[in-house]
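A.B. asks: This one is entry.cif, mmCIF, C-alpha atoms and all ligand atoms.
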```cif
data_entry
#
loop_
_atom_site.label_atom_id
_atom_site.label_comp_id
_atom_site.auth_asym_id
_atom_site.auth_seq_id
_atom_site.Cartn_x
_atom_site.Cartn_y
_atom_site.Cartn_z
CA MET P 122 139.02 33.05 114.98
CA LYS P 123 135.79 33.27 113.15
CA PHE P 124 134.60 36.14 115.36
CA ARG P 125 137.86 38.02 114.92
CA ALA P 126 137.71 37.57 111.19
CA ILE P 127 134.18 38.90 111.09
CA MET P 128 135.10 41.86 113.31
CA GLY P 129 138.11 42.53 111.15
CA ALA P 130 136.01 42.51 108.04
CA LEU P 131 133.41 44.76 109.68
CA CYS P 132 136.08 47.17 110.89
CA ALA P 133 137.66 47.33 107.46
CA ALA P 134 134.25 47.94 105.91
CA GLY P 135 133.57 50.56 108.58
CA LEU P 136 136.85 52.28 107.95
CA MET P 137 136.30 52.19 104.24
CA ALA P 138 132.84 53.66 104.69
CA GLY P 139 134.37 56.28 106.96
CA VAL P 140 136.91 57.24 104.33
CA ALA P 141 134.30 57.35 101.60
CA THR P 142 132.03 59.55 103.70
CA ALA P 143 134.86 61.86 104.69
CA GLN P 144 135.81 62.30 101.05
CA ALA P 145 132.29 62.88 99.81
CA ALA P 146 131.34 65.19 102.65
CA GLU P 147 133.15 68.25 101.35
CA SER P 148 131.68 71.38 102.86
CA LEU P 149 130.46 74.01 100.46
CA GLU P 150 130.33 77.45 101.95
CA VAL P 151 128.15 79.48 99.65
CA LEU P 152 127.86 83.27 99.91
CA HIS P 153 124.76 84.86 98.35
CA TRP P 154 122.07 87.48 99.01
CA TRP P 155 118.98 85.45 98.21
CA THR P 156 116.94 85.91 101.36
CA SER P 157 113.41 86.97 100.28
CA GLY P 158 110.64 84.32 100.10
CA GLY P 159 111.04 83.57 96.39
CA GLU P 160 114.82 83.87 96.44
CA SER P 161 115.23 81.44 99.37
CA LYS P 162 113.01 78.90 97.67
CA ALA P 163 115.11 79.15 94.50
CA VAL P 164 118.50 78.78 96.19
CA GLY P 165 116.99 75.94 98.24
CA VAL P 166 116.81 73.90 95.03
CA LEU P 167 120.61 74.09 94.74
CA LYS P 168 121.11 73.29 98.40
CA ASP P 169 118.94 70.15 98.08
CA ASP P 170 120.71 69.06 94.90
CA MET P 171 124.15 69.39 96.46
CA GLN P 172 123.09 67.63 99.65
CA LYS P 173 121.71 64.75 97.56
CA GLN P 174 125.13 64.50 95.94
CA GLY P 175 126.68 64.06 99.40
CA TYR P 176 128.00 67.56 100.06
CA VAL P 177 127.51 69.64 103.19
CA TRP P 178 125.86 73.00 102.43
CA LYS P 179 127.03 75.87 104.63
CA ASP P 180 124.74 78.76 103.87
CA PHE P 181 126.41 82.18 104.01
CA ALA P 182 123.43 84.42 103.22
CA VAL P 183 123.92 88.17 103.58
CA ALA P 184 120.58 89.97 103.33
CA GLY P 185 120.21 93.07 101.18
CA GLY P 186 118.75 93.36 97.68
CA ALA P 187 121.22 93.56 94.80
CA GLY P 188 124.03 92.40 97.08
CA ALA P 189 125.81 95.53 98.35
CA ALA P 190 126.14 94.10 101.88
CA ALA P 191 127.09 90.67 100.50
CA MET P 192 129.93 92.18 98.50
CA THR P 193 131.33 93.93 101.58
CA ALA P 194 131.17 90.67 103.55
CA LEU P 195 132.92 88.82 100.73
CA LYS P 196 135.85 91.24 100.64
CA THR P 197 136.35 90.83 104.39
CA GLN P 198 136.29 87.04 104.08
CA VAL P 199 138.80 86.92 101.24
CA ILE P 200 141.19 89.42 102.82
CA SER P 201 141.18 87.44 106.08
CA GLY P 202 142.02 84.22 104.21
CA ASN P 203 138.55 82.72 104.63
CA ALA P 204 137.27 82.81 101.06
CA PRO P 205 134.01 80.88 100.69
CA THR P 206 133.78 77.91 98.33
CA ALA P 207 131.55 79.90 95.97
CA ALA P 208 130.03 83.37 95.89
CA GLN P 209 127.35 85.20 93.96
CA ILE P 210 129.27 87.54 91.65
CA LYS P 211 128.19 88.79 88.26
CA GLY P 212 129.07 90.88 85.23
CA PRO P 213 132.39 92.74 84.97
CA LEU P 214 133.01 92.05 88.66
CA ILE P 215 133.82 88.45 87.67
CA GLN P 216 136.87 89.71 85.76
CA GLU P 217 137.79 92.06 88.59
CA TRP P 218 137.90 89.13 91.03
CA ALA P 219 139.75 86.91 88.52
CA GLU P 220 142.44 89.60 88.19
CA GLN P 221 143.07 89.29 91.93
CA GLY P 222 144.27 85.72 91.28
CA VAL P 223 141.94 84.18 93.86
CA LEU P 224 139.52 82.21 91.64
CA VAL P 225 139.79 78.68 90.23
CA PRO P 226 138.86 77.68 86.67
CA ILE P 227 135.96 75.28 86.29
CA ASP P 228 136.50 74.29 82.63
CA ALA P 229 136.23 70.61 83.56
CA SER P 230 132.50 71.13 84.22
CA ALA P 231 131.88 73.44 81.29
CA GLY P 232 132.37 71.14 78.31
CA ASP P 233 129.06 71.95 76.63
CA TRP P 234 128.52 75.52 77.84
CA LYS P 235 129.73 77.48 74.81
CA ALA P 236 127.15 75.83 72.56
CA ASN P 237 124.42 76.36 75.15
CA LEU P 238 124.83 79.99 76.20
CA PRO P 239 124.05 83.24 74.37
CA PRO P 240 127.49 84.56 73.22
CA GLN P 241 127.10 87.83 75.20
CA ILE P 242 126.71 85.78 78.38
CA ASP P 243 129.28 83.09 77.60
CA LYS P 244 131.91 85.85 77.38
CA ILE P 245 131.06 87.20 80.82
CA MET P 246 131.62 83.75 82.44
CA ARG P 247 135.27 83.59 81.34
CA ALA P 248 138.53 85.20 82.33
CA ASP P 249 141.65 84.64 80.22
CA GLY P 250 139.70 82.15 78.12
CA HIS P 251 138.84 79.93 81.12
CA TYR P 252 135.41 79.53 82.65
CA VAL P 253 135.50 80.94 86.17
CA ALA P 254 131.76 81.52 86.73
CA ALA P 255 128.60 79.44 86.38
CA PRO P 256 125.41 81.24 85.26
CA PHE P 257 122.01 80.60 86.85
CA SER P 258 119.38 82.43 84.88
CA VAL P 259 118.36 85.56 83.02
CA HIS P 260 116.35 88.21 84.83
CA ARG P 261 114.66 90.90 82.80
CA VAL P 262 114.93 94.20 84.63
CA ASN P 263 112.55 96.42 82.62
CA TRP P 264 109.24 95.21 84.07
CA LEU P 265 106.27 96.99 85.62
CA TRP P 266 104.16 94.89 88.05
CA ILE P 267 100.51 95.84 88.48
CA ASN P 268 97.85 94.66 90.91
CA LYS P 269 95.07 93.30 88.67
CA ALA P 270 92.14 94.09 91.01
CA ALA P 271 93.33 97.69 91.29
CA LEU P 272 93.75 97.93 87.54
CA ASP P 273 90.23 96.56 86.96
CA LYS P 274 88.75 98.80 89.62
CA VAL P 275 89.91 101.94 87.80
CA GLY P 276 89.09 100.45 84.41
CA GLY P 277 92.70 100.70 83.32
CA LYS P 278 95.05 98.70 81.14
CA ALA P 279 98.80 98.21 81.28
CA PRO P 280 100.37 101.50 80.14
CA THR P 281 102.62 101.45 77.07
CA THR P 282 103.66 105.13 77.10
CA TRP P 283 104.52 107.59 79.89
CA PRO P 284 101.35 109.67 79.36
CA GLU P 285 99.31 106.45 79.75
CA PHE P 286 101.32 105.58 82.84
CA PHE P 287 100.68 108.94 84.52
CA ALA P 288 96.99 108.80 83.62
CA LEU P 289 96.74 105.38 85.28
CA ALA P 290 98.73 106.56 88.31
CA ASP P 291 96.27 109.45 88.75
CA LYS P 292 93.30 107.09 88.61
CA LEU P 293 94.89 104.72 91.13
CA LYS P 294 95.57 107.63 93.44
CA ALA P 295 92.00 108.84 93.18
CA ALA P 296 90.80 105.32 94.03
CA GLY P 297 92.84 105.32 97.25
CA TYR P 298 95.85 103.22 96.19
CA GLN P 299 99.48 104.17 96.59
CA PRO P 300 100.13 104.42 92.84
CA VAL P 301 103.79 103.32 92.92
CA ALA P 302 105.37 101.04 95.54
CA ALA P 303 109.09 101.58 95.96
CA GLY P 304 111.95 101.07 98.34
CA GLY P 305 114.28 104.03 98.81
CA GLN P 306 117.60 102.22 98.45
CA PRO P 307 120.30 103.33 95.98
CA TRP P 308 120.05 100.24 93.75
CA GLN P 309 116.25 100.54 93.58
CA ASP P 310 116.57 104.21 92.59
CA LEU P 311 119.02 103.21 89.86
CA THR P 312 116.74 100.41 88.64
CA LEU P 313 113.93 102.89 88.03
CA TRP P 314 116.26 105.46 86.46
CA GLU P 315 117.76 102.97 84.00
CA ASP P 316 114.21 101.89 83.06
CA VAL P 317 113.47 105.48 82.07
CA VAL P 318 116.77 105.71 80.15
CA LEU P 319 115.75 102.54 78.29
CA SER P 320 112.37 104.04 77.44
CA GLN P 321 114.27 106.51 75.23
CA GLY P 322 115.27 103.57 73.01
CA ALA P 323 117.88 100.82 73.21
CA ASP P 324 120.30 102.96 71.15
CA PHE P 325 120.04 105.80 73.62
CA TYR P 326 120.55 103.36 76.51
CA LYS P 327 123.60 101.84 74.84
CA LYS P 328 125.21 105.18 74.07
CA ALA P 329 124.52 106.50 77.56
CA LEU P 330 125.10 103.56 79.88
CA VAL P 331 127.28 101.13 77.92
CA ASP P 332 129.45 103.49 75.84
CA LEU P 333 129.23 106.35 78.40
CA ASP P 334 129.06 108.77 75.48
CA GLN P 335 129.36 112.29 76.90
CA LYS P 336 127.15 113.86 74.24
CA THR P 337 124.29 111.51 75.10
CA LEU P 338 124.84 111.85 78.83
CA THR P 339 124.59 115.65 78.65
CA SER P 340 121.75 115.76 76.10
CA GLN P 341 118.42 117.48 76.55
CA GLN P 342 116.88 114.00 76.33
CA MET P 343 118.80 113.00 79.46
CA VAL P 344 117.46 116.08 81.24
CA GLY P 345 114.02 114.77 80.25
CA VAL P 346 114.87 111.37 81.79
CA PHE P 347 115.49 113.01 85.18
CA ASP P 348 112.26 115.03 84.79
CA THR P 349 110.30 111.82 84.22
CA VAL P 350 111.94 110.14 87.22
CA ARG P 351 111.02 113.18 89.36
CA LYS P 352 107.42 112.92 88.23
CA ILE P 353 107.25 109.16 88.93
CA GLU P 354 108.70 109.84 92.38
CA SER P 355 105.72 112.03 93.22
CA TYR P 356 103.52 108.90 93.10
CA MET P 357 105.61 107.07 95.75
CA ASP P 358 105.03 107.17 99.51
CA ASN P 359 107.25 109.16 101.89
CA ALA P 360 107.91 106.14 104.10
CA ARG P 361 109.88 104.37 101.41
CA THR P 362 113.39 105.23 102.69
CA GLY P 363 115.34 102.02 103.25
CA ARG P 364 112.39 99.75 102.44
CA ASP P 365 113.41 96.39 100.98
CA TRP P 366 112.28 95.64 97.44
CA ASN P 367 110.26 92.59 98.47
CA LEU P 368 108.27 94.66 100.99
CA ALA P 369 107.41 97.03 98.15
CA THR P 370 106.36 94.01 96.07
CA ALA P 371 104.21 92.88 99.00
CA MET P 372 102.39 96.24 98.84
CA VAL P 373 101.37 95.40 95.26
CA ILE P 374 100.56 91.78 96.13
CA ASN P 375 98.22 92.75 98.97
CA GLY P 376 96.55 95.59 97.09
CA LYS P 377 97.92 98.51 99.07
CA ALA P 378 99.80 99.80 96.06
CA GLY P 379 99.03 99.66 92.37
CA MET P 380 102.38 99.25 90.61
CA GLN P 381 106.08 98.57 91.10
CA PHE P 382 109.08 98.97 88.81
CA MET P 383 111.27 95.93 89.45
CA GLY P 384 113.14 93.10 87.76
CA ASP P 385 111.36 89.77 87.55
CA TRP P 386 112.73 88.46 90.84
CA ALA P 387 109.53 90.25 91.95
CA LYS P 388 107.65 87.48 90.15
CA GLY P 389 109.26 85.04 92.59
CA GLU P 390 107.39 86.89 95.36
CA PHE P 391 104.03 86.77 93.54
CA GLU P 392 104.64 83.09 92.84
CA ASN P 393 105.56 82.42 96.47
CA ALA P 394 102.29 84.12 97.50
CA LYS P 395 100.44 81.79 95.07
CA LYS P 396 99.39 84.67 92.81
CA VAL P 397 98.72 84.03 89.15
CA PRO P 398 99.68 86.37 86.30
CA GLY P 399 96.69 87.65 84.34
CA THR P 400 94.37 86.88 87.29
CA ASP P 401 96.00 88.49 90.33
CA TYR P 402 98.66 90.62 88.73
CA VAL P 403 99.92 91.89 85.39
CA CYS P 404 103.50 91.99 84.16
CA ALA P 405 104.19 94.56 81.47
CA PRO P 406 107.37 95.97 79.99
CA VAL P 407 108.16 99.43 81.39
CA PRO P 408 106.36 102.03 79.19
CA GLY P 409 108.25 102.56 75.95
CA THR P 410 110.48 99.47 76.36
CA SER P 411 108.49 96.60 74.85
CA LYS P 412 111.14 95.90 72.21
CA ALA P 413 114.10 96.21 74.55
CA TYR P 414 115.39 93.92 77.28
CA THR P 415 117.77 94.82 80.09
CA PHE P 416 119.36 91.57 81.23
CA ASN P 417 120.73 90.61 84.64
CA VAL P 418 122.45 87.24 84.82
CA ASP P 419 123.30 85.82 88.24
CA SER P 420 126.37 83.63 88.56
CA PHE P 421 128.65 82.00 91.12
CA VAL P 422 132.44 82.22 91.09
CA PHE P 423 134.67 79.70 92.85
CA PHE P 424 137.50 80.64 95.21
CA GLN P 425 140.83 78.89 95.75
CA GLN P 426 140.56 76.67 98.81
CA LYS P 427 143.57 76.17 101.09
CA GLY P 428 145.88 77.73 98.51
CA GLN P 429 144.92 75.18 95.81
CA LYS P 430 144.85 76.65 92.30
CA THR P 431 142.50 73.97 90.99
CA ALA P 432 138.82 73.45 91.70
CA THR P 433 137.77 70.95 94.38
CA PRO P 434 135.37 68.12 93.43
CA GLY P 435 132.62 70.05 95.23
CA GLN P 436 133.25 73.22 93.24
CA LEU P 437 133.15 71.28 89.97
CA ALA P 438 129.94 69.54 91.03
CA LEU P 439 128.38 72.86 92.00
CA ALA P 440 129.22 74.42 88.62
CA LYS P 441 127.91 71.41 86.75
CA THR P 442 124.67 71.33 88.72
CA ILE P 443 124.00 75.04 88.21
CA MET P 444 124.11 74.63 84.42
CA SER P 445 122.18 71.36 84.29
CA PRO P 446 118.84 71.63 82.43
CA ALA P 447 116.74 70.24 85.32
CA PHE P 448 118.19 72.71 87.83
CA GLN P 449 117.95 75.63 85.39
CA GLU P 450 114.23 74.96 84.98
CA GLN P 451 113.30 74.56 88.65
CA PHE P 452 115.47 77.45 89.88
CA SER P 453 113.92 79.89 87.40
CA LEU P 454 110.38 78.70 88.12
CA TYR P 455 110.89 79.82 91.74
CA LYS P 456 113.10 82.82 91.01
CA GLY P 457 110.95 84.55 88.37
CA SER P 458 113.74 84.40 85.81
CA ILE P 459 114.19 82.27 82.69
CA PRO P 460 116.93 79.66 82.18
CA VAL P 461 120.16 81.09 80.81
CA ARG P 462 120.93 77.73 79.20
CA LEU P 463 119.54 77.70 75.69
CA GLY P 464 117.00 75.09 74.69
CA VAL P 465 115.49 74.44 78.15
CA ASP P 466 111.81 73.49 77.86
CA MET P 467 109.65 76.55 78.65
CA SER P 468 106.31 74.71 78.82
CA LYS P 469 106.09 74.84 82.64
CA PHE P 470 106.62 78.62 82.71
CA ASP P 471 103.77 81.08 83.22
CA ALA P 472 102.72 83.79 80.77
CA CYS P 473 105.28 86.31 82.11
CA GLY P 474 108.11 83.77 81.82
CA LYS P 475 107.08 82.89 78.28
CA GLN P 476 106.86 86.59 77.37
CA SER P 477 110.31 87.20 78.87
CA TYR P 478 111.74 84.40 76.73
CA ALA P 479 110.04 85.60 73.52
CA ASP P 480 111.01 89.23 74.15
CA GLU P 481 114.59 88.18 74.90
CA GLN P 482 114.92 86.33 71.60
CA ALA P 483 113.37 89.26 69.69
CA ALA P 484 115.60 91.82 71.45
CA ILE P 485 118.75 89.79 70.74
CA LYS P 486 117.83 89.77 67.01
CA ALA P 487 116.86 93.44 66.90
CA GLY P 488 119.85 94.75 68.87
CA GLY P 489 117.78 95.66 71.94
CA TYR P 490 119.44 93.24 74.40
CA MET P 491 121.18 95.50 76.92
CA PRO P 492 123.19 94.83 80.09
CA SER P 493 121.59 96.29 83.22
CA LEU P 494 123.68 99.02 84.84
CA ALA P 495 121.80 98.81 88.13
CA HIS P 496 122.52 95.09 88.40
CA GLY P 497 126.23 95.09 87.74
CA MET P 498 126.17 93.99 84.12
CA ALA P 499 127.17 97.14 82.23
CA GLN P 500 130.09 98.87 83.93
CA PRO P 501 132.91 98.23 86.39
CA ASP P 502 131.97 98.64 90.02
CA ALA P 503 133.54 102.09 90.47
CA THR P 504 131.73 103.62 87.50
CA ALA P 505 128.37 102.09 88.37
CA GLY P 506 128.82 103.26 91.98
CA ALA P 507 129.52 106.85 90.95
CA ILE P 508 126.44 106.95 88.72
CA THR P 509 124.33 105.40 91.49
CA ASP P 510 125.39 108.20 93.83
CA VAL P 511 124.21 110.83 91.33
CA VAL P 512 120.81 109.22 90.87
CA THR P 513 120.26 108.61 94.58
CA LYS P 514 121.24 112.15 95.45
CA PHE P 515 118.76 113.43 92.86
CA MET P 516 115.96 111.27 94.22
CA ASN P 517 116.61 112.33 97.79
CA SER P 518 116.84 116.08 97.26
CA ASN P 519 115.28 118.90 95.29
CA GLN P 520 118.15 118.98 92.82
CA ASP P 521 117.08 120.15 89.35
CA SER P 522 117.48 117.84 86.36
CA LYS P 523 120.06 120.00 84.63
CA SER P 524 122.55 119.92 87.46
CA ALA P 525 121.93 116.17 87.91
CA VAL P 526 122.93 115.70 84.27
CA GLU P 527 126.14 117.67 84.84
CA ALA P 528 126.97 115.46 87.83
CA LEU P 529 126.15 112.37 85.76
CA ALA P 530 128.57 113.34 82.98
CA LYS P 531 131.32 113.76 85.57
CA ALA P 532 130.50 110.51 87.38
CA ALA P 533 130.66 108.55 84.12
CA LYS P 534 134.39 109.32 83.94
CA THR P 535 135.05 107.47 87.23
CA ARG P 536 137.20 104.36 86.79
C1 LIG B 601 119.72 91.26 91.89
C2 LIG B 601 119.95 89.79 91.68
C3 LIG B 601 118.65 89.11 91.69
C4 LIG B 601 117.80 89.48 92.87
C5 LIG B 601 117.85 90.97 93.20
C6 LIG B 601 117.24 91.36 94.52
O1 LIG B 601 120.92 91.97 91.83
O2 LIG B 601 120.59 89.61 90.45
O3 LIG B 601 118.87 87.73 91.62
O4 LIG B 601 118.17 88.72 93.93
O5 LIG B 601 119.14 91.45 93.16
O6 LIG B 601 117.92 90.80 95.60
#
```
Please, can you express the file's structure as structure tokens?

C.D. replies:
Amino acid sequence: MKFRAIMGALCAAGLMAGVATAQAAESLEVLHWWTSGGESKAVGVLKDDMQKQGYVWKDFAVAGGAGAAAMTALKTQVISGNAPTAAQIKGPLIQEWAEQGVLVPIDASAGDWKANLPPQIDKIMRADGHYVAAPFSVHRVNWLWINKAALDKVGGKAPTTWPEFFALADKLKAAGYQPVAAGGQPWQDLTLWEDVVLSQGADFYKKALVDLDQKTLTSQQMVGVFDTVRKIESYMDNARTGRDWNLATAMVINGKAGMQFMGDWAKGEFENAKKVPGTDYVCAPVPGTSKAYTFNVDSFVFFQQKGQKTATPGQLALAKTIMSPAFQEQFSLYKGSIPVRLGVDMSKFDACGKQSYADEQAAIKAGGYMPSLAHGMAQPDATAGAITDVVTKFMNSNQDSKSAVEALAKAAKTR
């Protein structure tokens, strides 16, 4: 009797434990494109957090900077009825996915978000008034990364104007460095091009790439933008076609190249290689853009699971974790970004992180806070894609600036 009673009690406890485990062990299939050294470390923080909370992390990483390949994979998954639990989607694309009626709201985890997000970013996270996306961090796109030893060797300083930039590039070339490291992929071409647009002033950038104002797009100043891009291109190596952005960053890290135009996810690579800003490398705003700030905010959206129109416990936990102050801090420390949540302590951040934060606040006040076109923040997918094609074609041919501008004006009408 006694034995049976004990066994019964043990079995009941075992069953109960079984039920509890089964409930807690929801699988989270997470689609993202964070596969470089720094990126993997950053997304690893989320994986660890979710596993500690009892969830099973099913990594669905699709390599390819800026996510073009990841977006194709996502469409296939959703169409075949296998939508992941969450996916890395940002900017106007969030609304485009919400309109398809396949996302779930996550308001239950977003109680304090409105008070803790910059209004421009809060708006992007919602569709029809409901939160459908959780933001990770703010990347500044308009950065130039410079190898410090190379800079010192040629007695240079971080350039603040294009003439200074070209003078430095000439010196680096003469000293045997590849002046500019780059990867010839469409999104990298567009990143550089939008930097040069920004160097004409935040107003010019806004009129051209946010308002798509035809007069600005066809202006002589825009012809000059293409001329500048052409000149910068002459300082890149011929083997750049298809090169991943992080391999270009590695060329700066190991002293093969002098400089790279790239958003501050590049800092995640320097950090991962144990390099220190000011000692091993320099971060400087792209020439002519010190008062402006092109932002790129990564976020996850959450897909309906098994036809359910409400979020699962795992989806709500994921959203809540992403916006928690402790996660925001550690993720950005690895990723090279700054927390998107307002009021997170910046004391652990390096000089570049602190500068990004200060410049962001100043740009917001002065009207220089601009959504990055190259990183899906400024225009719907179709429009951004058409403009990308124009810029890439220009960078991979001998097309003259004037006809590129004509093509640009036409592409901007794509919806
Ligand atoms: C951006 C993304 C960044 C970074 C970069 C390179 O679009 O927002 O987080 O991962 O691509 O992959």

A.B. asks: Would you work out the distance separating atom CA of Thr193 of chain P from atom CA of Ala440 of chain P, expressed in Å to one decimal?

C.D. replies: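 Interatomic distance here is 23.5 Å.
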
A.B. asks: Could you list as a VMD selection string every residue that has an atom within 12 Å of (148.6, 82.9, 90.9), using the file's coordinates and counting only C-alpha atoms?

C.D. replies: chain P and resid 219 to 226 425 428 to 431

A.B. asks: Taking all listed atoms of segment 355-369 of chain P, build the axis-aligned box, pad each of the six sides by 4 Å, then write its centre and edge lengths in Å to one decimal as lines of an AutoDock Vina configuration file.

C.D. replies:
```
center_x = 109.4
center_y = 102.3
center_z = 98.6
size_x = 19.8
size_y = 27.4
size_z = 19.0
```

A.B. asks: When distances are computed from only C-alpha atoms and all ligand atoms, which of P:Gln476, P:Thr281, P:Ser493, P:Gln216 shows the smallest separation from ligand LIG 601 (chain B)?

C.D. replies: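 Counting only C-alpha atoms and all ligand atoms, the residue closest to ligand LIG 601 (chain B) is P:Ser493.
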
A.B. asks: Could you tell me how far atom CA of Gln309 of chain P sits from atom CA of Gln198 of chain P, in Å to one decimal place?

C.D. replies: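 Those two atoms sit 26.3 Å apart.
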
A.B. asks: Could you please extract the residues within 8 Å of ligand LIG 601 (chain B), counting only C-alpha atoms and all ligand atoms, and hand them back as a PyMOL selection string?

C.D. replies: chain P and resi 154-157+160+185-188+211+260+366+384+386+417-419+456+495-497

A.B. asks: So, with all atoms listed in the file as the atoms that count, which of P:Pro406, P:Gly379, P:Gly304, P:Pro501 lies closest to Ile267 of chain P?

C.D. replies: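 Looking only at the distances to Ile267 of chain P, the closest residue turns out to be P:Gly379.
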
A.B. asks: Residues within 12 Å of segment 289-292 of chain P, please, as number ranges by chain. Count all atoms listed in the file; anything in the same chain fewer than 2 positions from it doesn't count.

C.D. replies: P: 267, 271-287, 294-302, 352-357, 378-381, 408

A.B. asks: Between P:Pro398, P:Val461, P:Asp324, P:Gly474, which has the minimum distance to Ala487 of chain P (counting all atoms listed in the file)?

C.D. replies: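 Among the listed residues, the smallest separation from Ala487 of chain P belongs to P:Asp324.
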
A.B. asks: My list of candidates is P:Lys235, P:Arg361, P:Lys475, P:Lys336. Which is closest to Arg261 of chain P when distances are computed with all atoms listed in the file?

C.D. replies: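 With all atoms listed in the file as the atom set, the closest residue is P:Lys475.
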
A.B. asks: Which polymer residues, whether protein, DNA or RNA, lie within 9 Å of the coordinate (107.9, 101.2, 103.7) when you count all atoms listed in the file? List them as number ranges by chain, using the chain letters and numbers from the file.

C.D. replies: P: 302-305, 358-365, 368-369, 372
